[in-house]
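So this one's structure-v5.cif, mmCIF, C-alpha atoms and all ligand atoms:
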```cif
data_work
#
loop_
_atom_site.group_PDB
_atom_site.id
_atom_site.type_symbol
_atom_site.label_atom_id
_atom_site.label_comp_id
_atom_site.auth_asym_id
_atom_site.auth_seq_id
_atom_site.Cartn_x
_atom_site.Cartn_y
_atom_site.Cartn_z
ATOM 1 C CA MET A 1 40.067 0.749 -11.174
ATOM 2 C CA THR A 2 38.878 2.984 -14.001
ATOM 3 C CA GLU A 3 40.017 3.088 -17.626
ATOM 4 C CA THR A 4 42.229 6.064 -16.931
ATOM 5 C CA THR A 5 44.205 4.258 -14.253
ATOM 6 C CA ARG A 6 44.992 1.072 -16.178
ATOM 7 C CA ARG A 7 48.686 0.448 -15.592
ATOM 8 C CA CYS A 8 51.173 -1.070 -18.052
ATOM 9 C CA THR A 9 54.137 -3.236 -17.261
ATOM 10 C CA HIS A 10 57.196 -4.278 -19.218
ATOM 11 C CA ALA A 11 59.781 -6.924 -18.394
ATOM 12 C CA ARG A 12 62.765 -5.841 -16.333
ATOM 13 C CA THR A 13 66.189 -7.258 -15.586
ATOM 14 C CA TYR A 14 67.488 -7.114 -12.042
ATOM 15 C CA LEU A 15 70.857 -7.850 -10.483
ATOM 16 C CA MET A 16 70.768 -9.423 -7.020
ATOM 17 C CA CYS A 17 73.350 -10.714 -4.545
ATOM 18 C CA PRO A 18 72.478 -13.694 -2.300
ATOM 19 C CA PRO A 19 72.822 -12.881 1.437
ATOM 20 C CA GLU A 20 75.346 -15.658 2.033
ATOM 21 C CA HIS A 21 77.565 -13.443 4.172
ATOM 22 C CA PHE A 22 74.794 -11.184 5.429
ATOM 23 C CA ALA A 23 75.189 -10.028 9.041
ATOM 24 C CA VAL A 24 74.794 -6.923 11.150
ATOM 25 C CA GLN A 25 78.343 -6.414 12.420
ATOM 26 C CA TYR A 26 78.481 -2.625 12.495
ATOM 27 C CA ALA A 27 75.960 0.198 12.691
ATOM 28 C CA ILE A 28 76.026 2.759 9.871
ATOM 29 C CA ASN A 29 72.335 3.607 9.966
ATOM 30 C CA PRO A 30 69.797 3.839 12.816
ATOM 31 C CA TRP A 31 68.210 0.469 11.979
ATOM 32 C CA MET A 32 71.378 -1.524 12.621
ATOM 33 C CA ASN A 33 72.081 -3.008 16.034
ATOM 34 C CA PRO A 34 74.973 -5.500 16.080
ATOM 35 C CA ASP A 35 73.716 -6.900 19.404
ATOM 36 C CA ARG A 36 70.509 -8.169 17.849
ATOM 37 C CA ALA A 37 70.677 -11.659 16.341
ATOM 38 C CA VAL A 38 70.139 -12.154 12.605
ATOM 39 C CA ASP A 39 68.688 -15.424 11.320
ATOM 40 C CA ASN A 40 70.827 -16.024 8.266
ATOM 41 C CA ALA A 41 68.830 -18.980 6.973
ATOM 42 C CA LEU A 42 65.644 -16.923 7.181
ATOM 43 C CA ALA A 43 67.345 -14.001 5.397
ATOM 44 C CA MET A 44 68.266 -16.411 2.587
ATOM 45 C CA ARG A 45 64.683 -17.736 2.348
ATOM 46 C CA GLN A 46 63.307 -14.200 2.217
ATOM 47 C CA TRP A 47 65.819 -13.235 -0.461
ATOM 48 C CA ARG A 48 64.954 -16.319 -2.559
ATOM 49 C CA HIS A 49 61.287 -15.538 -2.240
ATOM 50 C CA LEU A 50 61.961 -12.017 -3.529
ATOM 51 C CA ARG A 51 63.921 -13.421 -6.491
ATOM 52 C CA ASP A 52 61.154 -15.942 -7.241
ATOM 53 C CA THR A 53 58.567 -13.156 -7.017
ATOM 54 C CA TYR A 54 60.344 -11.144 -9.717
ATOM 55 C CA GLN A 55 60.625 -14.220 -11.916
ATOM 56 C CA SER A 56 56.965 -15.062 -11.491
ATOM 57 C CA LEU A 57 56.141 -11.500 -12.589
ATOM 58 C CA GLY A 58 58.071 -12.179 -15.812
ATOM 59 C CA HIS A 59 61.307 -10.409 -14.940
ATOM 60 C CA THR A 60 64.849 -11.695 -15.351
ATOM 61 C CA VAL A 61 67.155 -11.932 -12.335
ATOM 62 C CA ARG A 62 70.920 -12.112 -12.654
ATOM 63 C CA THR A 63 73.168 -12.650 -9.663
ATOM 64 C CA ILE A 64 76.572 -11.483 -8.504
ATOM 65 C CA THR A 65 78.738 -13.695 -6.279
ATOM 66 C CA PRO A 66 78.720 -12.438 -2.682
ATOM 67 C CA GLU A 67 82.097 -11.794 -1.085
ATOM 68 C CA ALA A 68 83.057 -12.840 2.438
ATOM 69 C CA GLY A 69 83.633 -9.887 4.753
ATOM 70 C CA LEU A 70 81.083 -7.703 2.945
ATOM 71 C CA PRO A 71 77.890 -8.327 4.955
ATOM 72 C CA ASP A 72 75.942 -5.522 3.238
ATOM 73 C CA MET A 73 76.764 -6.657 -0.299
ATOM 74 C CA VAL A 74 73.261 -8.187 -0.472
ATOM 75 C CA PHE A 75 72.018 -4.610 -0.950
ATOM 76 C CA ALA A 76 72.698 -4.630 -4.680
ATOM 77 C CA ALA A 77 70.890 -1.334 -5.251
ATOM 78 C CA ASN A 78 73.926 0.392 -3.794
ATOM 79 C CA GLY A 79 76.349 -1.314 -6.178
ATOM 80 C CA ALA A 80 76.069 1.067 -9.153
ATOM 81 C CA THR A 81 73.680 3.058 -11.321
ATOM 82 C CA VAL A 82 72.770 1.578 -14.713
ATOM 83 C CA ILE A 83 70.857 3.480 -17.386
ATOM 84 C CA ASP A 84 70.830 2.718 -21.126
ATOM 85 C CA GLY A 85 73.544 0.104 -20.588
ATOM 86 C CA LYS A 86 75.911 2.704 -19.125
ATOM 87 C CA VAL A 87 77.253 2.149 -15.619
ATOM 88 C CA LEU A 88 78.308 4.663 -12.989
ATOM 89 C CA GLY A 89 80.134 2.943 -10.139
ATOM 90 C CA ALA A 90 79.325 3.526 -6.502
ATOM 91 C CA ASN A 91 81.626 5.326 -4.085
ATOM 92 C CA PHE A 92 80.637 4.373 -0.541
ATOM 93 C CA LYS A 93 80.744 6.702 2.426
ATOM 94 C CA PHE A 94 81.687 4.139 5.061
ATOM 95 C CA PRO A 95 84.905 2.098 4.857
ATOM 96 C CA GLN A 96 83.013 -1.092 5.739
ATOM 97 C CA ARG A 97 81.239 -0.963 2.384
ATOM 98 C CA GLN A 98 83.883 0.619 0.146
ATOM 99 C CA PRO A 99 85.206 -2.663 -1.337
ATOM 100 C CA GLU A 100 81.735 -3.395 -2.716
ATOM 101 C CA ALA A 101 82.226 -0.706 -5.365
ATOM 102 C CA ASP A 102 84.954 -2.690 -7.146
ATOM 103 C CA ALA A 103 83.125 -5.972 -6.755
ATOM 104 C CA TYR A 104 80.174 -4.519 -8.650
ATOM 105 C CA LEU A 105 82.307 -2.631 -11.203
ATOM 106 C CA ASN A 106 84.101 -5.888 -12.009
ATOM 107 C CA TRP A 107 80.812 -7.684 -12.514
ATOM 108 C CA PHE A 108 79.827 -5.108 -15.129
ATOM 109 C CA ARG A 109 83.217 -5.234 -16.842
ATOM 110 C CA GLU A 110 83.031 -9.026 -16.982
ATOM 111 C CA HIS A 111 79.497 -9.033 -18.322
ATOM 112 C CA GLY A 112 79.996 -7.012 -21.476
ATOM 113 C CA TYR A 113 79.076 -3.520 -20.348
ATOM 114 C CA GLY A 114 81.073 -1.156 -22.555
ATOM 115 C CA GLN A 115 80.764 2.094 -20.662
ATOM 116 C CA VAL A 116 81.687 1.466 -17.036
ATOM 117 C CA ARG A 117 82.750 4.593 -15.216
ATOM 118 C CA GLU A 118 84.224 4.967 -11.726
ATOM 119 C CA SER A 119 82.781 7.771 -9.654
ATOM 120 C CA HIS A 120 84.917 10.397 -7.934
ATOM 121 C CA VAL A 121 82.076 11.601 -5.763
ATOM 122 C CA LEU A 122 80.406 9.858 -2.824
ATOM 123 C CA ASN A 123 77.349 8.060 -4.156
ATOM 124 C CA GLU A 124 75.639 4.869 -3.094
ATOM 125 C CA GLY A 125 74.255 3.845 -6.457
ATOM 126 C CA GLU A 126 70.565 3.318 -6.928
ATOM 127 C CA GLY A 127 70.055 3.619 -3.201
ATOM 128 C CA ASP A 128 70.175 7.374 -3.785
ATOM 129 C CA ILE A 129 69.975 7.641 -7.559
ATOM 130 C CA VAL A 130 66.538 6.766 -8.825
ATOM 131 C CA PHE A 131 65.710 6.836 -12.527
ATOM 132 C CA ALA A 132 62.268 8.190 -13.339
ATOM 133 C CA GLY A 133 62.146 7.716 -17.113
ATOM 134 C CA ARG A 134 62.674 11.323 -18.158
ATOM 135 C CA ALA A 135 64.773 12.510 -15.228
ATOM 136 C CA ILE A 136 67.112 11.179 -12.580
ATOM 137 C CA LEU A 137 66.268 11.792 -8.930
ATOM 138 C CA ALA A 138 69.381 12.105 -6.776
ATOM 139 C CA GLY A 139 69.109 11.982 -2.984
ATOM 140 C CA TYR A 140 71.803 13.517 -0.819
ATOM 141 C CA GLY A 141 72.350 14.511 2.786
ATOM 142 C CA PHE A 142 73.454 11.245 4.386
ATOM 143 C CA ARG A 143 75.345 8.935 2.033
ATOM 144 C CA SER A 144 75.684 10.529 -1.381
ATOM 145 C CA ASP A 145 77.134 13.911 -2.273
ATOM 146 C CA GLN A 146 75.002 16.405 -4.184
ATOM 147 C CA ALA A 147 77.935 16.907 -6.552
ATOM 148 C CA VAL A 148 77.257 13.506 -8.133
ATOM 149 C CA ARG A 149 74.745 15.348 -10.292
ATOM 150 C CA ASP A 150 77.537 16.477 -12.649
ATOM 151 C CA GLU A 151 78.726 12.911 -13.220
ATOM 152 C CA LEU A 152 75.132 11.796 -13.766
ATOM 153 C CA THR A 153 74.386 14.533 -16.287
ATOM 154 C CA GLU A 154 77.594 13.923 -18.162
ATOM 155 C CA LEU A 155 77.290 10.145 -18.398
ATOM 156 C CA PHE A 156 73.570 9.648 -18.812
ATOM 157 C CA GLY A 157 72.388 12.931 -20.333
ATOM 158 C CA PHE A 158 69.150 13.199 -18.338
ATOM 159 C CA PRO A 159 68.112 16.158 -16.205
ATOM 160 C CA VAL A 160 68.901 15.568 -12.527
ATOM 161 C CA ILE A 161 66.584 16.559 -9.687
ATOM 162 C CA SER A 162 68.558 16.767 -6.432
ATOM 163 C CA LEU A 163 66.573 15.935 -3.293
ATOM 164 C CA ARG A 164 67.768 16.629 0.235
ATOM 165 C CA LEU A 165 67.044 13.901 2.777
ATOM 166 C CA VAL A 166 66.584 15.183 6.322
ATOM 167 C CA ASP A 167 65.558 12.209 8.515
ATOM 168 C CA PRO A 168 68.389 9.784 9.421
ATOM 169 C CA ARG A 169 66.003 6.801 9.413
ATOM 170 C CA PHE A 170 65.531 7.448 5.686
ATOM 171 C CA TYR A 171 69.204 7.733 4.836
ATOM 172 C CA HIS A 172 68.890 6.577 1.212
ATOM 173 C CA LEU A 173 66.420 8.018 -1.273
ATOM 174 C CA ASP A 174 64.964 4.559 -1.945
ATOM 175 C CA THR A 175 63.890 4.264 1.693
ATOM 176 C CA ALA A 176 61.586 7.279 1.335
ATOM 177 C CA LEU A 177 60.434 7.338 -2.287
ATOM 178 C CA VAL A 178 59.412 4.858 -4.948
ATOM 179 C CA VAL A 179 58.980 5.756 -8.602
ATOM 180 C CA LEU A 180 55.840 3.928 -9.758
ATOM 181 C CA ASP A 181 56.068 5.133 -13.344
ATOM 182 C CA GLU A 182 57.336 8.197 -15.231
ATOM 183 C CA THR A 183 54.648 10.435 -13.827
ATOM 184 C CA THR A 184 53.806 8.801 -10.487
ATOM 185 C CA ILE A 185 55.636 8.430 -7.190
ATOM 186 C CA ALA A 186 54.832 7.395 -3.658
ATOM 187 C CA TYR A 187 56.928 9.087 -0.996
ATOM 188 C CA TYR A 188 57.222 10.086 2.644
ATOM 189 C CA PRO A 189 57.107 13.897 2.703
ATOM 190 C CA ALA A 190 58.713 14.273 6.155
ATOM 191 C CA ALA A 191 61.930 12.695 4.889
ATOM 192 C CA PHE A 192 62.576 15.670 2.552
ATOM 193 C CA ASP A 193 63.128 19.385 2.897
ATOM 194 C CA ASP A 194 60.617 21.907 1.528
ATOM 195 C CA ALA A 195 62.516 22.627 -1.677
ATOM 196 C CA SER A 196 62.720 18.923 -2.486
ATOM 197 C CA ARG A 197 59.007 18.399 -1.879
ATOM 198 C CA ALA A 198 58.328 21.330 -4.221
ATOM 199 C CA ALA A 199 60.644 19.910 -6.884
ATOM 200 C CA LEU A 200 58.811 16.579 -6.741
ATOM 201 C CA ALA A 201 55.426 18.297 -6.930
ATOM 202 C CA SER A 202 56.410 20.132 -10.086
ATOM 203 C CA HIS A 203 57.848 17.060 -11.838
ATOM 204 C CA PHE A 204 55.304 14.342 -11.029
ATOM 205 C CA SER A 205 51.614 14.635 -11.862
ATOM 206 C CA GLN A 206 50.484 11.986 -9.377
ATOM 207 C CA ILE A 207 51.943 11.763 -5.882
ATOM 208 C CA ILE A 208 50.919 9.260 -3.221
ATOM 209 C CA GLU A 209 51.887 10.311 0.294
ATOM 210 C CA ALA A 210 52.834 7.455 2.582
ATOM 211 C CA LYS A 211 51.725 7.455 6.207
ATOM 212 C CA ASP A 212 54.179 7.278 9.121
ATOM 213 C CA GLU A 213 53.374 3.646 9.900
ATOM 214 C CA ASP A 214 54.091 2.518 6.337
ATOM 215 C CA ALA A 215 57.280 4.563 5.991
ATOM 216 C CA GLU A 216 58.483 3.184 9.335
ATOM 217 C CA VAL A 217 58.472 -0.403 8.032
ATOM 218 C CA LEU A 218 60.388 0.800 4.936
ATOM 219 C CA GLY A 219 57.208 0.387 2.908
ATOM 220 C CA LEU A 220 58.569 2.799 0.296
ATOM 221 C CA ASN A 221 61.479 0.499 -0.415
ATOM 222 C CA GLY A 222 59.541 -1.000 -3.291
ATOM 223 C CA ILE A 223 60.082 -1.781 -6.973
ATOM 224 C CA SER A 224 57.530 -0.985 -9.633
ATOM 225 C CA ASP A 225 57.417 -2.444 -13.121
ATOM 226 C CA GLY A 226 54.759 0.067 -14.064
ATOM 227 C CA ARG A 227 51.942 -2.039 -12.682
ATOM 228 C CA ASN A 228 53.142 -4.541 -10.077
ATOM 229 C CA VAL A 229 54.753 -2.979 -7.040
ATOM 230 C CA VAL A 230 56.821 -5.338 -4.892
ATOM 231 C CA LEU A 231 56.976 -3.854 -1.390
ATOM 232 C CA PRO A 232 57.324 -4.891 2.264
ATOM 233 C CA VAL A 233 54.226 -6.875 3.230
ATOM 234 C CA GLN A 234 54.029 -4.955 6.516
ATOM 235 C CA ALA A 235 53.138 -1.736 4.634
ATOM 236 C CA THR A 236 49.433 -2.565 4.393
ATOM 237 C CA GLY A 237 48.202 1.025 4.250
ATOM 238 C CA LEU A 238 50.517 1.901 1.386
ATOM 239 C CA ALA A 239 49.498 -1.288 -0.440
ATOM 240 C CA ALA A 240 45.868 -0.129 -0.219
ATOM 241 C CA GLN A 241 46.788 3.336 -1.525
ATOM 242 C CA LEU A 242 48.651 1.752 -4.453
ATOM 243 C CA ALA A 243 45.730 -0.525 -5.290
ATOM 244 C CA GLU A 244 43.416 2.471 -5.165
ATOM 245 C CA ALA A 245 45.639 4.171 -7.754
ATOM 246 C CA GLY A 246 45.438 1.170 -10.089
ATOM 247 C CA PHE A 247 48.701 -0.588 -9.197
ATOM 248 C CA SER A 248 49.002 -4.223 -8.055
ATOM 249 C CA PRO A 249 50.845 -4.387 -4.739
ATOM 250 C CA VAL A 250 52.841 -7.587 -4.119
ATOM 251 C CA GLY A 251 53.920 -7.902 -0.479
ATOM 252 C CA VAL A 252 57.166 -9.623 0.513
ATOM 253 C CA ASP A 253 58.522 -10.181 4.008
ATOM 254 C CA MET A 254 62.126 -8.981 4.340
ATOM 255 C CA SER A 255 62.197 -8.793 8.146
ATOM 256 C CA GLU A 256 65.775 -10.084 8.493
ATOM 257 C CA LEU A 257 67.165 -7.634 5.942
ATOM 258 C CA LEU A 258 65.280 -4.844 7.695
ATOM 259 C CA LYS A 259 67.606 -5.376 10.666
ATOM 260 C CA ALA A 260 70.313 -3.846 8.452
ATOM 261 C CA GLY A 261 68.015 -1.069 7.275
ATOM 262 C CA GLY A 262 67.132 -2.697 3.977
ATOM 263 C CA GLY A 263 64.062 -3.927 2.114
ATOM 264 C CA PRO A 264 63.238 -5.461 -1.259
ATOM 265 C CA LYS A 265 64.376 -2.481 -3.337
ATOM 266 C CA CYS A 266 67.729 -2.345 -1.521
ATOM 267 C CA CYS A 267 68.318 -5.957 -2.622
ATOM 268 C CA THR A 268 67.664 -5.093 -6.265
ATOM 269 C CA LEU A 269 69.696 -3.231 -8.885
ATOM 270 C CA GLU A 270 67.821 -2.611 -12.103
ATOM 271 C CA LEU A 271 69.848 -3.230 -15.264
ATOM 272 C CA ARG A 272 68.354 -0.868 -17.813
HETATM 273 N N1 LIG A 301 73.160 -1.663 5.923
HETATM 274 C C1 LIG A 301 73.134 -1.027 4.660
HETATM 275 C C2 LIG A 301 73.706 0.377 4.778
HETATM 276 O O1 LIG A 301 73.444 1.018 5.738
HETATM 277 C C3 LIG A 301 71.742 -0.981 4.110
HETATM 278 C C4 LIG A 301 71.671 -0.470 2.700
HETATM 279 C C5 LIG A 301 70.287 -0.345 2.193
HETATM 280 N N2 LIG A 301 70.284 -0.059 0.814
HETATM 281 C C6 LIG A 301 69.438 0.787 0.188
HETATM 282 N N3 LIG A 301 69.454 0.829 -1.091
HETATM 283 N N4 LIG A 301 68.673 1.620 0.854
HETATM 284 O O2 LIG A 301 74.415 0.862 3.936
#
```

Take the structure from the file and write it as structure tokens.
Amino acid sequence: MTETTRRCTHARTYLMCPPEHFAVQYAINPWMNPDRAVDNALAMRQWRHLRDTYQSLGHTVRTITPEAGLPDMVFAANGATVIDGKVLGANFKFPQRQPEADAYLNWFREHGYGQVRESHVLNEGEGDIVFAGRAILAGYGFRSDQAVRDELTELFGFPVISLRLVDPRFYHLDTALVVLDETTIAYYPAAFDDASRAALASHFSQIIEAKDEDAEVLGLNGISDGRNVVLPVQATGLAAQLAEAGFSPVGVDMSELLKAGGGPKCCTLELR
């Protein structure tokens, strides 16, 4: 690592939901197969390890109570979008997940957030809406509607860069792209259309391109604090690329959650 690539971190606060009722009971993305068994106790151990990892990196983790009958509620990233203490609620595409929107909105209302807004447009929270410091990246094509950009601009006041997702395996933006810091991303180019790749190239000065084998274990479903990048431990190639760029990769095994199409980032909603 050279002087120019020294990376800085600052403490974050994350909201997480324990996978008490986690299961794969329906299939709303290509990773989900209700016939394949899920080890719930293992899912819980993996989730706790993720929580402990954040805490050991100096971050604060808050939790929301999981609700029975909402097996995907563990994927807190989808619960809302939070920037500058303002909250835009989620509006889920599939009926199986729709009640999660209120569960998360209520958590924010009960925890002193003043500006909590419901969304009238399909959007799956920070699964598709990724804050990059000076702009908001908004993925669409599978779960969220491009029109959410107007609500985002109005509530948060940041420029919005809409990105079209084209590969159903990477159905949420956070499965195909991780913001490492304001000027740096890692992403899987094949998950985006040409115009979106061009938009990313003009906004970010440093772009790490993930290889097929790392994208295919949801390696891009990571969380960066500016220096430490928590990502699926299976994504060894991406971890090496991140280290080369001056970041500190921290691998976690989320194999049980992956059966629902989720990884560490999906389990994490950043409270900014
Ligand atoms: N089973 C969930 C779904 O398909 C997984 C959500 C993953 N969340 C994420 N932020 N990518 O909706």

### Query
Which one is closest to Trp107 in chain A: A:Pro66, A:Pro249, A:Gly237, A:Gly127? Count all atoms listed in the file.
A:Pro66

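Residues in contact with Val130 in chain A at 8 Å, where all atoms listed in the file are counted and same-chain residues fewer than 4 positions away are skipped, are listed as Glu126, Ile136, Leu137, Ala138, Leu173, Asp174 and Val179 of chain A.
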
Applying 9 Å and all atoms listed in the file, which residues near Ala235 in chain A remain after dropping the ones on its own chain fewer than 4 positions away? List them as a CSV table (one decimal) with C-alpha atoms, in the coordinates of the input.
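Final output, result01.csv:
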```csv
chain,number,residue,atom,x,y,z
A,213,GLU,CA,53.4,3.6,9.9
A,214,ASP,CA,54.1,2.5,6.3
A,215,ALA,CA,57.3,4.6,6.0
A,216,GLU,CA,58.5,3.2,9.3
A,217,VAL,CA,58.5,-0.4,8.0
A,218,LEU,CA,60.4,0.8,4.9
A,219,GLY,CA,57.2,0.4,2.9
A,220,LEU,CA,58.6,2.8,0.3
A,231,LEU,CA,57.0,-3.9,-1.4
A,239,ALA,CA,49.5,-1.3,-0.4
A,240,ALA,CA,45.9,-0.1,-0.2
A,251,GLY,CA,53.9,-7.9,-0.5
```

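Restricting the calculation to only C-alpha atoms, the smallest distance between Tyr187 in chain A and any of A:Ala41, A:Leu88, A:Ile208, A:Met32 is found for A:Ile208.
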
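Between ligand LIG 301 (chain A) and the residues A:Ile207, A:Val230, A:Leu15, A:Ala23, the shortest atom-to-atom distance, using all atoms listed in the file, involves A:Ala23.
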
Taking all atoms listed in the file and a cut-off of 7 Å, can you tell me which residues surround ligand LIG 301 (chain A), written as a compact mmCIF listing (two decimals) with C-alpha atoms, in the coordinates of the input?
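Saved as part-v3.txt:
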```txt
# COMPACT_ATOMS: atom_id res chain seq x y z
CA ILE A 28 76.03 2.76 9.87
CA ASN A 29 72.33 3.61 9.97
CA MET A 32 71.38 -1.52 12.62
CA ASP A 72 75.94 -5.52 3.24
CA PHE A 75 72.02 -4.61 -0.95
CA ALA A 77 70.89 -1.33 -5.25
CA ASN A 78 73.93 0.39 -3.79
CA GLU A 126 70.56 3.32 -6.93
CA GLY A 127 70.06 3.62 -3.20
CA HIS A 172 68.89 6.58 1.21
CA ASP A 174 64.96 4.56 -1.94
CA THR A 175 63.89 4.26 1.69
CA ALA A 260 70.31 -3.85 8.45
CA GLY A 261 68.02 -1.07 7.28
CA GLY A 262 67.13 -2.70 3.98
CA LYS A 265 64.38 -2.48 -3.34
CA CYS A 266 67.73 -2.35 -1.52
```

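Comparing the minimum interatomic distances between Val82 in chain A and each of A:Met44, A:Leu155, A:Ala199, A:Cys17, counting all atoms listed in the file, we find that A:Leu155 sits nearest.
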
### Query
When distances are computed from all atoms listed in the file, which of A:Ala90, A:Val24, A:Leu163, A:Leu105 shows the smallest separation from Ile64 in chain A?
A:Leu105

### Task
With the file shown as input, list the residues that the PyMOL selection byres (((chain A and resi 243) around 12) and not hetatm) selects, as a ChimeraX atom specification.
/A:1-2,5-7,180,208,227-229,236-242,244-250

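Between CA of Gly263 in chain A and CA of Glu110 in chain A the separation is 27.4 Å.
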
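When CA of His49 in chain A is paired with CA of Pro264 in chain A, their separation reads 10.3 Å.
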
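Comparing A:Met73, A:Ala132, A:Leu200, A:Leu257 by their smallest distance to Asn40 in chain A, the closest is A:Leu257 (using only C-alpha atoms).
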
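For the pair CA of Glu270 in chain A and CA of Thr13 in chain A, the separation is 6.0 Å.
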
Tyr54 in chain A surroundings by only C-alpha atoms, 9 Å radius, close-in-sequence under 4 positions cut, as a PDB file with C-alpha atoms, in the frame of the given file:
```pdb
ATOM      1  CA  ARG A  12      62.765  -5.841 -16.333  1.00  0.00           C
ATOM      2  CA  TYR A  14      67.488  -7.114 -12.042  1.00  0.00           C
ATOM      3  CA  HIS A  49      61.287 -15.538  -2.240  1.00  0.00           C
ATOM      4  CA  LEU A  50      61.961 -12.017  -3.529  1.00  0.00           C
ATOM      5  CA  GLY A  58      58.071 -12.179 -15.812  1.00  0.00           C
ATOM      6  CA  HIS A  59      61.307 -10.409 -14.940  1.00  0.00           C
ATOM      7  CA  THR A  60      64.849 -11.695 -15.351  1.00  0.00           C
ATOM      8  CA  VAL A  61      67.155 -11.932 -12.335  1.00  0.00           C
ATOM      9  CA  VAL A 230      56.821  -5.338  -4.892  1.00  0.00           C
TER      10      VAL A 230
END
```

Specify the axis-aligned box that encloses all atoms of range 236-255 of chain A listed in the file after padding of 8 Å on each side, stating its centre and edge lengths in Å to one decimal as lines of an AutoDock Vina configuration file.
```
center_x = 52.8
center_y = -3.0
center_z = -1.0
size_x = 34.8
size_y = 30.4
size_z = 34.2
```

### Query
Could you spell out the hits of the PyMOL selection byres (((chain A and resi 18) around 10) and not hetatm) on the shown file, as a ChimeraX atom specification?
/A:16-17,19-22,43-45,47-48,51,63-67,73-76,267

Show which residues sit within 7 Å of Phe156 in chain A, as a PDB file with C-alpha atoms, in the frame of the given file. Count only C-alpha atoms, and ignore same-chain residues fewer than 3 positions away.
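The file below, around10.pdb, is the result:
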```
ATOM      1  CA  ILE A  83      70.857   3.480 -17.386  1.00  0.00           C
ATOM      2  CA  LEU A 152      75.132  11.796 -13.766  1.00  0.00           C
ATOM      3  CA  THR A 153      74.386  14.533 -16.287  1.00  0.00           C
TER       4      THR A 153
END
```

### Task
Using only C-alpha atoms, determine which residues lie at most 12 Å from Ala198 in chain A, disregarding the query and same-chain residues fewer than 4 positions distant; provide the list as a PyMOL selection string.
chain A and resi 161-164+189+192-194+202-204+207

### Message
Suppose a student applies the PyMOL selection byres (((chain A and resi 122) around 12) and not hetatm) to this structure; what residues should they get, written as a ChimeraX atom specification?
### Response
/A:78,80,88-95,98,101,118-121,123-125,128-129,138-149,151
